[in-house]
Amino acid sequence: MRNLTYYVASTIDGYIATEEGSVDFFPVGGDHGPAISAQYPETLPTKVRESMGIDKRNRYFDTVLMGRKTHDFGVRTGTSSPYAHLKQYVVSTTLPENPDPDVELIAADPLAKVRELKREAGLGIWLCGGGELAQELLPEIDQIFLKLYPVLLGRGRSLFGSGPRLPDAARFRVITSRVFEDGVAFMKYSRIR
């Protein structure tokens, strides 16, 4: 079966964006970006890959899931198909139709859809965001790849949303970790089942 991996950037107090959806507080530059991008080139938006001359095959993921707010971020930057090099899904109960011919809308029961995708052949499935969707899909999240930035935000959109929690704790173990010179820690966790 394929893995569902929540690959995301977070502050040390657990926020992935401001309340308005901005990620401008994450520092740009440093040594973490090139190193992580080289390892996971498929997690860069298609436009960024093209501008950087990256034409590497997808190594770990061939599918991406996004919540509507995460997808809206791409729309605000000028694209309704941010990851054209991957099979793209947007989970939303408010979008009336597919936002782009290359993007499939999941309007109901994303957990069932993820279970279906996990049974298909292929590379891993990347949960790009956001926190509310991560919370809903937590029963199926196999791995968490966390870019942990040395930033305190105080409030914003949480790593796992703000709704009701699972009745039982979900446990993960660290499988690798690396702290870069710029202070960003890249932590890879695997679920303990």
# chains A, B, ... in the order shown; residues from 1 in each chain; ligands from 1

call {"tool": "select_by_dssp", "arguments": {"residues": "stretch 34-90 of chain A", "states": "helix (DSSP H, G or I)", "output": "VMD selection string"}}
result
chain A and resid 34 to 39 41 to 43 46 to 52 68 to 76

call {"tool": "select_by_dssp", "arguments": {"residues": "stretch 33-172 of chain A", "states": "strand (DSSP E or B)", "output": "PDB file with N, CA and C atoms, in the first residue's frame"}}
result
ATOM      1  N   PHE A  61       6.696  11.025  -4.316  1.00  0.00           N
ATOM      2  CA  PHE A  61       5.260  11.279  -4.429  1.00  0.00           C
ATOM      3  C   PHE A  61       4.860  11.417  -5.895  1.00  0.00           C
ATOM      4  N   ASP A  62       3.675  10.879  -6.231  1.00  0.00           N
ATOM      5  CA  ASP A  62       3.115  11.132  -7.560  1.00  0.00           C
ATOM      6  C   ASP A  62       1.700  11.699  -7.466  1.00  0.00           C
ATOM      7  N   THR A  63       1.247  11.927  -6.213  1.00  0.00           N
ATOM      8  CA  THR A  63      -0.099  12.415  -5.959  1.00  0.00           C
ATOM      9  C   THR A  63      -0.018  13.453  -4.847  1.00  0.00           C
ATOM     10  N   VAL A  64      -0.825  14.513  -4.983  1.00  0.00           N
ATOM     11  CA  VAL A  64      -0.882  15.536  -3.938  1.00  0.00           C
ATOM     12  C   VAL A  64      -2.337  15.824  -3.578  1.00  0.00           C
ATOM     13  N   LEU A  65      -2.585  15.960  -2.274  1.00  0.00           N
ATOM     14  CA  LEU A  65      -3.891  16.355  -1.745  1.00  0.00           C
ATOM     15  C   LEU A  65      -3.747  17.725  -1.111  1.00  0.00           C
ATOM     16  N   MET A  66      -4.709  18.589  -1.394  1.00  0.00           N
ATOM     17  CA  MET A  66      -4.715  19.932  -0.809  1.00  0.00           C
ATOM     18  C   MET A  66      -6.113  20.250  -0.308  1.00  0.00           C
ATOM     19  N   GLY A  67      -6.183  20.964   0.799  1.00  0.00           N
ATOM     20  CA  GLY A  67      -7.451  21.544   1.198  1.00  0.00           C
ATOM     21  C   GLY A  67      -7.714  22.773   0.334  1.00  0.00           C
ATOM     22  N   LYS A  87      -0.488  14.054  -9.777  1.00  0.00           N
ATOM     23  CA  LYS A  87      -1.939  13.911  -9.821  1.00  0.00           C
ATOM     24  C   LYS A  87      -2.461  14.746  -8.663  1.00  0.00           C
ATOM     25  N   GLN A  88      -3.323  15.735  -8.953  1.00  0.00           N
ATOM     26  CA  GLN A  88      -3.735  16.708  -7.950  1.00  0.00           C
ATOM     27  C   GLN A  88      -5.190  16.530  -7.541  1.00  0.00           C
ATOM     28  N   TYR A  89      -5.421  16.625  -6.231  1.00  0.00           N
ATOM     29  CA  TYR A  89      -6.768  16.575  -5.675  1.00  0.00           C
ATOM     30  C   TYR A  89      -6.942  17.759  -4.734  1.00  0.00           C
ATOM     31  N   VAL A  90      -8.119  18.392  -4.789  1.00  0.00           N
ATOM     32  CA  VAL A  90      -8.484  19.439  -3.835  1.00  0.00           C
ATOM     33  C   VAL A  90      -9.713  18.963  -3.085  1.00  0.00           C
ATOM     34  N   VAL A  91      -9.635  19.011  -1.758  1.00  0.00           N
ATOM     35  CA  VAL A  91     -10.748  18.621  -0.914  1.00  0.00           C
ATOM     36  C   VAL A  91     -11.504  19.882  -0.524  1.00  0.00           C
ATOM     37  N   VAL A 103      -7.025  19.165 -12.041  1.00  0.00           N
ATOM     38  CA  VAL A 103      -7.235  18.998 -10.608  1.00  0.00           C
ATOM     39  C   VAL A 103      -8.588  18.331 -10.391  1.00  0.00           C
ATOM     40  N   GLU A 104      -8.584  17.279  -9.581  1.00  0.00           N
ATOM     41  CA  GLU A 104      -9.840  16.590  -9.274  1.00  0.00           C
ATOM     42  C   GLU A 104     -10.370  17.068  -7.933  1.00  0.00           C
ATOM     43  N   LEU A 105     -11.655  17.357  -7.888  1.00  0.00           N
ATOM     44  CA  LEU A 105     -12.309  17.818  -6.675  1.00  0.00           C
ATOM     45  C   LEU A 105     -12.814  16.622  -5.870  1.00  0.00           C
ATOM     46  N   ILE A 106     -12.520  16.631  -4.572  1.00  0.00           N
ATOM     47  CA  ILE A 106     -13.093  15.668  -3.633  1.00  0.00           C
ATOM     48  C   ILE A 106     -14.071  16.467  -2.778  1.00  0.00           C
ATOM     49  N   GLY A 124       4.188   7.553  -3.342  1.00  0.00           N
ATOM     50  CA  GLY A 124       3.467   8.039  -2.180  1.00  0.00           C
ATOM     51  C   GLY A 124       2.487   9.150  -2.492  1.00  0.00           C
ATOM     52  N   ILE A 125       1.628   9.408  -1.514  1.00  0.00           N
ATOM     53  CA  ILE A 125       0.619  10.465  -1.580  1.00  0.00           C
ATOM     54  C   ILE A 125       1.060  11.554  -0.612  1.00  0.00           C
ATOM     55  N   TRP A 126       1.152  12.774  -1.129  1.00  0.00           N
ATOM     56  CA  TRP A 126       1.592  13.910  -0.326  1.00  0.00           C
ATOM     57  C   TRP A 126       0.390  14.729   0.119  1.00  0.00           C
ATOM     58  N   LEU A 127       0.202  14.841   1.418  1.00  0.00           N
ATOM     59  CA  LEU A 127      -0.782  15.761   1.975  1.00  0.00           C
ATOM     60  C   LEU A 127      -0.069  17.088   2.154  1.00  0.00           C
ATOM     61  N   CYS A 128      -0.397  18.031   1.276  1.00  0.00           N
ATOM     62  CA  CYS A 128       0.268  19.328   1.221  1.00  0.00           C
ATOM     63  C   CYS A 128      -0.278  20.275   2.292  1.00  0.00           C
ATOM     64  N   GLY A 129      -1.484  20.120   2.667  1.00  0.00           N
ATOM     65  CA  GLY A 129      -2.125  20.983   3.654  1.00  0.00           C
ATOM     66  C   GLY A 129      -3.601  21.097   3.342  1.00  0.00           C
ATOM     67  N   GLN A 143       3.076   8.981   7.642  1.00  0.00           N
ATOM     68  CA  GLN A 143       4.326   9.679   7.920  1.00  0.00           C
ATOM     69  C   GLN A 143       4.047  11.178   8.026  1.00  0.00           C
ATOM     70  N   ILE A 144       4.892  11.852   8.789  1.00  0.00           N
ATOM     71  CA  ILE A 144       4.887  13.314   8.848  1.00  0.00           C
ATOM     72  C   ILE A 144       6.310  13.764   8.561  1.00  0.00           C
ATOM     73  N   PHE A 145       6.471  14.562   7.531  1.00  0.00           N
ATOM     74  CA  PHE A 145       7.756  15.186   7.217  1.00  0.00           C
ATOM     75  C   PHE A 145       7.586  16.656   7.576  1.00  0.00           C
ATOM     76  N   LEU A 146       8.274  17.089   8.612  1.00  0.00           N
ATOM     77  CA  LEU A 146       8.055  18.408   9.194  1.00  0.00           C
ATOM     78  C   LEU A 146       9.291  19.288   9.042  1.00  0.00           C
ATOM     79  N   LYS A 147       9.119  20.401   8.327  1.00  0.00           N
ATOM     80  CA  LYS A 147      10.158  21.439   8.289  1.00  0.00           C
ATOM     81  C   LYS A 147       9.826  22.380   9.438  1.00  0.00           C
ATOM     82  N   LEU A 148      10.598  22.303  10.488  1.00  0.00           N
ATOM     83  CA  LEU A 148      10.331  23.055  11.704  1.00  0.00           C
ATOM     84  C   LEU A 148      11.203  24.307  11.735  1.00  0.00           C
ATOM     85  N   TYR A 149      10.566  25.462  11.594  1.00  0.00           N
ATOM     86  CA  TYR A 149      11.275  26.742  11.540  1.00  0.00           C
ATOM     87  C   TYR A 149      11.399  27.342  12.930  1.00  0.00           C
ATOM     88  N   ARG A 157      -3.029  29.356  11.758  1.00  0.00           N
ATOM     89  CA  ARG A 157      -3.627  28.080  11.357  1.00  0.00           C
ATOM     90  C   ARG A 157      -2.747  26.952  11.898  1.00  0.00           C
ATOM     91  N   SER A 158      -3.365  26.103  12.681  1.00  0.00           N
ATOM     92  CA  SER A 158      -2.646  25.053  13.392  1.00  0.00           C
ATOM     93  C   SER A 158      -2.246  23.901  12.477  1.00  0.00           C
ATOM     94  N   PHE A 172       3.796   8.532  16.828  1.00  0.00           N
ATOM     95  CA  PHE A 172       4.777   8.508  15.741  1.00  0.00           C
ATOM     96  C   PHE A 172       6.161   8.381  16.359  1.00  0.00           C
TER      97      PHE A 172
END

call {"tool": "residues_around", "arguments": {"residues": "A:Ala38", "least_positions_apart": "6", "cutoff": "10 Å", "atoms": "only C-alpha atoms", "output": "list in words"}}
result
Leu44, Ile54 and Lys56 of chain A

call {"tool": "atom_distance", "arguments": {"atom1": "atom CA of A:Phe26", "atom2": "atom CA of A:Leu138"}}
result
24.6 Å

call {"tool": "closest_residue", "arguments": {"among": "A:Ser80, A:Leu159, A:Phe25, A:Leu117", "to": "A:Asn98", "atoms": "only C-alpha atoms"}}
result
A:Ser80

call {"tool": "closest_residue", "arguments": {"among": "A:Arg68, A:Val151, A:Val174, A:Gly78", "to": "A:Met187", "atoms": "only C-alpha atoms"}}
result
A:Val174

call {"tool": "residues_around", "arguments": {"residues": "stretch 18-24 of chain A", "least_positions_apart": "6", "cutoff": "10 Å", "atoms": "only C-alpha atoms", "output": "list in words"}}
result
Ala9, Ser10, Lys69, Thr70, Asp72, Phe73, Gly130, Leu153, Gly154, Arg155, Gly156, Arg157 and Ser158 of chain A

call {"tool": "closest_residue", "arguments": {"among": "A:Val48, A:Ser81, A:Pro150, A:Val114", "to": "A:Asp102", "atoms": "only C-alpha atoms"}}
result
A:Ser81

call {"tool": "residues_around", "arguments": {"residues": "A:Leu123", "least_positions_apart": "6", "cutoff": "10 Å", "atoms": "only C-alpha atoms", "output": "short mmCIF file (atom, residue, chain, number, x, y, z; two decimals) with all heavy atoms, in the first residue's frame"}}
result
data_model
loop_
_atom_site.label_atom_id
_atom_site.label_comp_id
_atom_site.auth_asym_id
_atom_site.auth_seq_id
_atom_site.Cartn_x
_atom_site.Cartn_y
_atom_site.Cartn_z
N MET A 1 0.83 -1.19 0.00
CA MET A 1 0.00 0.00 0.00
C MET A 1 0.87 1.25 0.00
O MET A 1 1.95 1.25 0.56
CB MET A 1 -0.91 0.02 1.22
CG MET A 1 -2.08 -0.90 1.07
SD MET A 1 -3.62 -0.58 1.94
CE MET A 1 -3.56 0.96 2.72
N ARG A 2 0.33 2.28 -0.62
CA ARG A 2 1.03 3.57 -0.66
C ARG A 2 0.90 4.27 0.68
O ARG A 2 -0.07 4.09 1.40
CB ARG A 2 0.40 4.45 -1.75
CG ARG A 2 0.45 3.82 -3.11
CD ARG A 2 -0.53 4.49 -4.05
NE ARG A 2 -0.02 5.78 -4.50
CZ ARG A 2 -0.77 6.66 -5.18
NH1 ARG A 2 -2.01 6.40 -5.48
NH2 ARG A 2 -0.24 7.79 -5.57
N ASN A 3 1.90 5.11 1.00
CA ASN A 3 1.86 5.91 2.22
C ASN A 3 1.23 7.26 1.97
O ASN A 3 1.42 7.85 0.91
CB ASN A 3 3.28 6.14 2.75
CG ASN A 3 3.83 4.95 3.47
OD1 ASN A 3 3.10 4.17 4.08
ND2 ASN A 3 5.14 4.78 3.42
N LEU A 4 0.51 7.75 2.97
CA LEU A 4 0.06 9.14 3.00
C LEU A 4 1.02 9.88 3.91
O LEU A 4 1.18 9.53 5.09
CB LEU A 4 -1.37 9.25 3.53
CG LEU A 4 -1.89 10.68 3.69
CD1 LEU A 4 -1.97 11.40 2.33
CD2 LEU A 4 -3.25 10.69 4.37
N ASN A 58 9.72 12.41 -10.32
CA ASN A 58 9.20 12.35 -8.97
C ASN A 58 9.84 11.16 -8.26
O ASN A 58 9.82 10.05 -8.78
CB ASN A 58 7.68 12.20 -8.99
CG ASN A 58 7.00 13.37 -9.65
OD1 ASN A 58 7.54 14.48 -9.67
ND2 ASN A 58 5.83 13.16 -10.20
N ARG A 59 10.40 11.40 -7.09
CA ARG A 59 11.10 10.34 -6.36
C ARG A 59 10.22 9.65 -5.32
O ARG A 59 10.29 8.44 -5.15
CB ARG A 59 12.33 10.91 -5.68
CG ARG A 59 13.37 11.43 -6.68
CD ARG A 59 14.54 12.07 -6.00
NE ARG A 59 15.25 11.07 -5.19
CZ ARG A 59 16.18 11.38 -4.31
NH1 ARG A 59 16.51 12.63 -4.11
NH2 ARG A 59 16.79 10.44 -3.62
N TYR A 60 9.42 10.42 -4.60
CA TYR A 60 8.66 9.87 -3.48
C TYR A 60 7.15 9.98 -3.65
O TYR A 60 6.42 9.14 -3.15
CB TYR A 60 9.07 10.56 -2.17
CG TYR A 60 10.49 10.27 -1.79
CD1 TYR A 60 11.51 11.14 -2.13
CD2 TYR A 60 10.82 9.10 -1.12
CE1 TYR A 60 12.82 10.86 -1.79
CE2 TYR A 60 12.13 8.81 -0.78
CZ TYR A 60 13.13 9.70 -1.12
OH TYR A 60 14.44 9.42 -0.80
N PHE A 61 6.70 11.03 -4.32
CA PHE A 61 5.26 11.28 -4.43
C PHE A 61 4.86 11.42 -5.90
O PHE A 61 5.59 12.00 -6.68
CB PHE A 61 4.88 12.57 -3.70
CG PHE A 61 5.36 12.65 -2.28
CD1 PHE A 61 6.31 13.58 -1.90
CD2 PHE A 61 4.85 11.80 -1.31
CE1 PHE A 61 6.76 13.66 -0.59
CE2 PHE A 61 5.29 11.86 0.00
CZ PHE A 61 6.25 12.80 0.36
N ASP A 62 3.67 10.88 -6.23
CA ASP A 62 3.12 11.13 -7.56
C ASP A 62 1.70 11.70 -7.47
O ASP A 62 1.04 11.94 -8.47
CB ASP A 62 3.15 9.88 -8.44
CG ASP A 62 2.33 8.72 -7.90
OD1 ASP A 62 1.57 8.90 -6.92
OD2 ASP A 62 2.45 7.61 -8.46
N THR A 63 1.25 11.93 -6.21
CA THR A 63 -0.10 12.41 -5.96
C THR A 63 -0.02 13.45 -4.85
O THR A 63 0.74 13.28 -3.90
CB THR A 63 -1.01 11.25 -5.52
OG1 THR A 63 -0.99 10.23 -6.53
CG2 THR A 63 -2.44 11.71 -5.28
#

call {"tool": "atom_distance", "arguments": {"atom1": "atom CA of A:Ile36", "atom2": "atom CA of A:Met52"}}
result
14.4 Å
